[in-house]
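Below: query_7.pdb (PDB, C-alpha atoms)
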ATOM      1  CA  GLU A  35       5.788  46.272  32.226
ATOM      2  CA  LEU A  36       1.985  46.010  31.973
ATOM      3  CA  GLU A  37       1.707  49.189  29.921
ATOM      4  CA  GLN A  38       4.385  47.951  27.544
ATOM      5  CA  ALA A  39       2.617  44.576  27.160
ATOM      6  CA  HIS A  40      -0.654  46.398  26.468
ATOM      7  CA  ALA A  41       1.013  48.613  23.840
ATOM      8  CA  LEU A  42       2.632  45.610  22.169
ATOM      9  CA  THR A  43      -0.622  43.651  22.117
ATOM     10  CA  HIS A  44      -2.342  46.702  20.605
ATOM     11  CA  LEU A  45       0.304  46.979  17.868
ATOM     12  CA  ARG A  46       0.035  43.291  17.039
ATOM     13  CA  THR A  47      -3.755  43.572  16.814
ATOM     14  CA  TRP A  48      -3.474  46.760  14.728
ATOM     15  CA  ILE A  49      -1.173  45.264  12.090
ATOM     16  CA  THR A  50      -3.182  42.028  11.947
ATOM     17  CA  ARG A  51      -6.409  43.958  11.279
ATOM     18  CA  HIS A  52      -4.922  46.619   9.004
ATOM     19  CA  PRO A  53      -6.521  46.369   5.544
ATOM     20  CA  ASP A  54      -3.167  46.653   3.728
ATOM     21  CA  TYR A  55      -0.835  44.904   6.170
ATOM     22  CA  GLY A  56      -3.113  42.243   7.686
ATOM     23  CA  PRO A  57      -2.942  39.900   4.687
ATOM     24  CA  LEU A  58       0.872  40.035   4.864
ATOM     25  CA  VAL A  59       1.002  38.954   8.533
ATOM     26  CA  PRO A  60       1.796  35.277   9.120
ATOM     27  CA  PRO A  61      -0.771  33.248  11.089
ATOM     28  CA  GLN A  62      -0.635  33.920  14.799
ATOM     29  CA  VAL A  63       0.167  31.306  17.406
ATOM     30  CA  GLU A  64      -1.850  31.443  20.652
ATOM     31  CA  ARG A  65       0.167  33.139  23.370
ATOM     32  CA  ASP A  66       0.402  32.491  27.054
ATOM     33  CA  PRO A  67      -0.886  35.699  28.706
ATOM     34  CA  LEU A  68       1.810  35.293  31.393
ATOM     35  CA  GLU A  69       4.617  35.234  28.827
ATOM     36  CA  PRO A  70       7.242  37.962  29.494
ATOM     37  CA  SER A  71       6.842  41.213  27.578
ATOM     38  CA  HIS A  72      10.326  40.898  26.003
ATOM     39  CA  THR A  73       9.102  37.756  24.220
ATOM     40  CA  LEU A  74       6.014  39.615  23.038
ATOM     41  CA  HIS A  75       8.256  42.499  21.938
ATOM     42  CA  GLN A  76      10.383  40.126  19.829
ATOM     43  CA  GLU A  77       7.271  38.594  18.283
ATOM     44  CA  VAL A  78       5.724  41.953  17.376
ATOM     45  CA  ALA A  79       9.025  43.271  15.991
ATOM     46  CA  GLN A  80       9.381  40.135  13.846
ATOM     47  CA  ILE A  81       5.862  40.604  12.465
ATOM     48  CA  PHE A  82       6.584  44.214  11.520
ATOM     49  CA  HIS A  83       9.929  43.248   9.958
ATOM     50  CA  ARG A  84       8.253  40.552   7.857
ATOM     51  CA  VAL A  85       5.704  43.023   6.558
ATOM     52  CA  LEU A  86       8.441  45.624   6.031
ATOM     53  CA  GLU A  87      10.332  43.171   3.781
ATOM     54  CA  MET A  88       7.362  43.360   1.414
ATOM     55  CA  ARG A  89       6.963  47.145   1.824
ATOM     56  CA  PRO A  90      10.466  48.526   2.475
ATOM     57  CA  ASP A  91       9.518  52.124   1.714
ATOM     58  CA  ASP A  92       6.553  52.291   4.078
ATOM     59  CA  ALA A  93       7.129  55.214   6.478
ATOM     60  CA  GLU A  94       4.376  54.056   8.828
ATOM     61  CA  LEU A  95       5.987  50.640   9.335
ATOM     62  CA  HIS A  96       9.399  52.214   9.952
ATOM     63  CA  THR A  97       7.813  54.606  12.450
ATOM     64  CA  VAL A  98       6.191  51.770  14.389
ATOM     65  CA  LEU A  99       9.494  49.887  14.455
ATOM     66  CA  GLY A 100      11.180  53.043  15.755
ATOM     67  CA  VAL A 101       8.642  53.198  18.568
ATOM     68  CA  LEU A 102       9.032  49.474  19.266
ATOM     69  CA  TYR A 103      12.795  49.776  19.576
ATOM     70  CA  ASN A 104      12.402  52.790  21.841
ATOM     71  CA  LEU A 105      10.254  50.643  24.136
ATOM     72  CA  SER A 106      13.124  48.162  24.466
ATOM     73  CA  TYR A 107      15.774  50.916  24.780
ATOM     74  CA  GLU A 108      17.418  49.837  21.517
ATOM     75  CA  TYR A 109      18.055  53.417  20.452
ATOM     76  CA  PRO A 110      20.366  52.819  17.471
ATOM     77  CA  LYS A 111      17.749  50.538  15.884
ATOM     78  CA  ALA A 112      14.996  53.041  16.702
ATOM     79  CA  ALA A 113      16.976  55.918  15.167
ATOM     80  CA  HIS A 114      17.623  53.824  12.041
ATOM     81  CA  HIS A 115      13.912  53.247  11.497
ATOM     82  CA  PHE A 116      12.975  56.874  12.158
ATOM     83  CA  ARG A 117      15.614  57.926   9.609
ATOM     84  CA  GLU A 118      14.186  55.457   7.099
ATOM     85  CA  ALA A 119      10.698  56.848   7.715
ATOM     86  CA  LEU A 120      12.044  60.381   7.214
ATOM     87  CA  ARG A 121      13.688  59.332   3.956
ATOM     88  CA  VAL A 122      10.152  58.606   2.719
ATOM     89  CA  SER A 123       8.361  61.426   4.603
ATOM     90  CA  PRO A 124      10.909  64.215   5.145
ATOM     91  CA  ASP A 125       8.225  66.801   5.947
ATOM     92  CA  ASP A 126       6.804  64.934   8.938
ATOM     93  CA  TYR A 127       7.637  67.239  11.859
ATOM     94  CA  ALA A 128       6.491  64.676  14.449
ATOM     95  CA  LEU A 129       8.925  62.125  13.026
ATOM     96  CA  TRP A 130      11.777  64.613  13.367
ATOM     97  CA  ASN A 131      10.763  65.019  17.016
ATOM     98  CA  LYS A 132      10.730  61.238  17.538
ATOM     99  CA  LEU A 133      14.185  60.987  16.000
ATOM    100  CA  GLY A 134      15.400  63.845  18.183
ATOM    101  CA  ALA A 135      14.036  62.238  21.347
ATOM    102  CA  THR A 136      15.615  58.917  20.425
ATOM    103  CA  LEU A 137      18.984  60.552  19.810
ATOM    104  CA  ALA A 138      18.709  62.485  23.068
ATOM    105  CA  ASN A 139      17.897  59.290  24.973
ATOM    106  CA  SER A 140      21.010  57.681  23.509
ATOM    107  CA  MET A 141      23.157  60.631  24.650
ATOM    108  CA  HIS A 142      23.605  62.164  21.191
ATOM    109  CA  SER A 143      22.498  65.661  22.179
ATOM    110  CA  GLN A 144      24.005  67.506  19.213
ATOM    111  CA  GLU A 145      22.356  65.162  16.710
ATOM    112  CA  ALA A 146      19.114  65.494  18.689
ATOM    113  CA  ILE A 147      19.359  69.284  18.426
ATOM    114  CA  ASP A 148      19.778  69.018  14.650
ATOM    115  CA  ALA A 149      16.715  66.740  14.381
ATOM    116  CA  TYR A 150      14.530  69.035  16.515
ATOM    117  CA  ILE A 151      15.589  72.030  14.434
ATOM    118  CA  GLU A 152      14.608  70.207  11.227
ATOM    119  CA  GLY A 153      11.155  69.501  12.671
ATOM    120  CA  LEU A 154      10.773  73.101  13.841
ATOM    121  CA  LYS A 155      11.576  74.349  10.330
ATOM    122  CA  ILE A 156       8.421  72.528   9.255
ATOM    123  CA  LYS A 157       6.266  73.461  12.257
ATOM    124  CA  PRO A 158       7.875  76.359  14.171
ATOM    125  CA  ASN A 159       5.277  76.386  16.958
ATOM    126  CA  TYR A 160       5.493  72.696  17.843
ATOM    127  CA  VAL A 161       5.563  72.989  21.638
ATOM    128  CA  ARG A 162       6.814  69.461  22.329
ATOM    129  CA  ALA A 163       9.797  69.896  19.985
ATOM    130  CA  LEU A 164      10.586  73.311  21.487
ATOM    131  CA  ALA A 165      10.604  71.829  24.983
ATOM    132  CA  ASN A 166      12.688  68.846  23.845
ATOM    133  CA  LEU A 167      15.120  71.159  22.074
ATOM    134  CA  GLY A 168      15.436  73.119  25.324
ATOM    135  CA  ILE A 169      16.314  69.921  27.174
ATOM    136  CA  SER A 170      18.995  69.037  24.629
ATOM    137  CA  TYR A 171      20.462  72.534  24.824
ATOM    138  CA  SER A 172      20.493  72.229  28.626
ATOM    139  CA  ASN A 173      22.306  68.909  28.366
ATOM    140  CA  GLN A 174      24.955  70.683  26.284
ATOM    141  CA  GLU A 175      25.107  73.499  28.876
ATOM    142  CA  MET A 176      23.800  75.935  26.261
ATOM    143  CA  TYR A 177      21.557  77.611  28.818
ATOM    144  CA  GLU A 178      20.618  80.786  26.937
ATOM    145  CA  GLU A 179      19.445  78.733  23.951
ATOM    146  CA  ALA A 180      17.548  76.425  26.319
ATOM    147  CA  ALA A 181      15.832  79.376  28.020
ATOM    148  CA  SER A 182      14.837  80.776  24.637
ATOM    149  CA  CYS A 183      13.258  77.454  23.601
ATOM    150  CA  TYR A 184      11.457  77.000  26.897
ATOM    151  CA  LEU A 185      10.066  80.535  26.800
ATOM    152  CA  LYS A 186       8.842  80.149  23.232
ATOM    153  CA  ALA A 187       7.126  76.896  24.269
ATOM    154  CA  LEU A 188       5.629  78.588  27.331
ATOM    155  CA  SER A 189       4.387  81.538  25.290
ATOM    156  CA  LEU A 190       2.387  78.964  23.303
ATOM    157  CA  ASN A 191       1.394  76.783  26.275
ATOM    158  CA  PRO A 192       1.720  78.655  29.585
ATOM    159  CA  GLU A 193       0.166  75.736  31.510
ATOM    160  CA  ALA A 194       3.153  73.427  30.887
ATOM    161  CA  ALA A 195       4.340  73.123  34.506
ATOM    162  CA  HIS A 196       7.240  70.814  33.642
ATOM    163  CA  VAL A 197       8.605  73.411  31.202
ATOM    164  CA  TRP A 198       8.414  76.106  33.894
ATOM    165  CA  SER A 199      10.421  73.782  36.173
ATOM    166  CA  SER A 200      13.016  73.220  33.469
ATOM    167  CA  LEU A 201      13.240  76.957  32.833
ATOM    168  CA  ARG A 202      13.811  77.616  36.530
ATOM    169  CA  VAL A 203      16.667  75.069  36.546
ATOM    170  CA  VAL A 204      18.245  76.742  33.506
ATOM    171  CA  PHE A 205      18.129  80.166  35.147
ATOM    172  CA  ASN A 206      19.712  78.735  38.287
ATOM    173  CA  CYS A 207      22.463  77.171  36.141
ATOM    174  CA  MET A 208      22.992  80.627  34.638
ATOM    175  CA  SER A 209      23.320  82.070  38.175
ATOM    176  CA  ARG A 210      20.235  84.194  37.556
ATOM    177  CA  PRO A 211      18.027  83.732  40.636
ATOM    178  CA  ASP A 212      16.195  86.933  39.664
ATOM    179  CA  LEU A 213      14.944  85.260  36.479
ATOM    180  CA  ALA A 214      14.260  81.980  38.271
ATOM    181  CA  ALA A 215      12.000  83.893  40.688
ATOM    182  CA  LYS A 216      10.010  85.334  37.767
ATOM    183  CA  CYS A 217       8.947  81.783  36.888
ATOM    184  CA  ASP A 218       6.546  81.923  39.856
ATOM    185  CA  PHE A 219       4.310  84.279  37.867
ATOM    186  CA  GLY A 220       3.756  81.791  35.052
ATOM    187  CA  ASP A 221       3.904  84.525  32.417
ATOM    188  CA  ALA A 222       6.421  84.210  29.588
ATOM    189  CA  GLU A 223       5.922  87.849  28.622
ATOM    190  CA  ARG A 224       7.703  88.953  31.826
ATOM    191  CA  PHE A 225      10.956  87.702  30.275
ATOM    192  CA  ARG A 226      10.773  89.734  27.045
ATOM    193  CA  GLY A 227      13.524  92.161  28.065
ATOM    194  CA  ASP A 228      15.748  89.433  29.513
ATOM    195  CA  VAL A 229      15.695  86.586  26.988
ATOM    196  CA  GLU A 230      15.144  86.632  23.244
ATOM    197  CA  PHE A 231      12.437  84.221  22.133
TER
END
As structure tokens - that is how I would like this structure written.
Amino acid sequence: ELEQAHALTHLRTWITRHPDYGPLVPPQVERDPLEPSHTLHQEVAQIFHRVLEMRPDDAELHTVLGVLYNLSYEYPKAAHHFREALRVSPDDYALWNKLGATLANSMHSQEAIDAYIEGLKIKPNYVRALANLGISYSNQEMYEEAASCYLKALSLNPEAAHVWSSLRVVFNCMSRPDLAAKCDFGDAERFRGDVEF
């Protein structure tokens, strides 16, 4: 709750001070610091929507609204704004990852997979998207594909302990305790003959 309130206050301050957006922001009313964060969320979202009305093709504003709606678990609204941002900036690999994560959080794993793949076409070695794609494949019980994604991510960032844990789970789901045991070594190269990545 406190972290969310801090993030929302930061976003409100950011848009108010932004050289292009600040002049478009309506005057601010003093807030009670004890006011609930959902009220602050509504206020910040309204400010961004007002500015967006004057700049409907601004990818940055749509991205911020996507993040805002993720904070309040309003995934359809978040996905809408990420898609609008991608309409303007289709080559933004990080935006594709945000859309994928939003779709995954709203239980749309296949759509999430498609979004991650689009981002990886732009930046094939994007470790976060590879790991997220692995999670979505796991959720679809596509364990070989998940293992491949996790191992590619781990070949780029072998220190990612959470990815090693996810890989171990996938191997156990595949009834491959021999491969799960290899995870203890923390070396993706040990899997070269077992999994294509």
As a check of understanding, name the residues that the PyMOL selection byres ((chain A and resi 154) around 10) selects in the supplied structure, as a PyMOL selection string. chain A and resi 127-128+130-131+148-153+155-161+163-164+167
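Distances here use only C-alpha atoms; by that measure, the residue among A:Ser143, A:Thr136, A:Val85, A:Ala222 closest to A:Leu105 is A:Thr136.
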I'd like the residues picked by the PyMOL selection byres ((chain A and resi 204) around 8) written out as a short mmCIF file (atom, residue, chain, number, x, y, z; two decimals) with C-alpha atoms, keeping the file's coordinate frame, using the chain letters and numbers from the file.
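Listing of selection30.cif after writing:
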data_model
loop_
_atom_site.label_atom_id
_atom_site.label_comp_id
_atom_site.auth_asym_id
_atom_site.auth_seq_id
_atom_site.Cartn_x
_atom_site.Cartn_y
_atom_site.Cartn_z
CA SER A 172 20.49 72.23 28.63
CA TYR A 177 21.56 77.61 28.82
CA ALA A 180 17.55 76.42 26.32
CA ALA A 181 15.83 79.38 28.02
CA SER A 200 13.02 73.22 33.47
CA LEU A 201 13.24 76.96 32.83
CA ARG A 202 13.81 77.62 36.53
CA VAL A 203 16.67 75.07 36.55
CA PHE A 205 18.13 80.17 35.15
CA ASN A 206 19.71 78.74 38.29
CA CYS A 207 22.46 77.17 36.14
CA MET A 208 22.99 80.63 34.64
#
Gap from atom CA of A:Ile147 to atom CA of A:Leu133 - Å, one decimal: 10.1 Å
Find the residues around A:Pro60 up to 9 Å (all atoms listed in the file counted), leave out those fewer than 6 positions away in its own chain, and share them as a ChimeraX atom specification. /A:50,81,84
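For the residues A:Leu74, A:Phe225, A:Asp91, A:Lys132, ranking by smallest atom-to-atom distance to A:Ser106 using only C-alpha atoms places A:Leu74 first.
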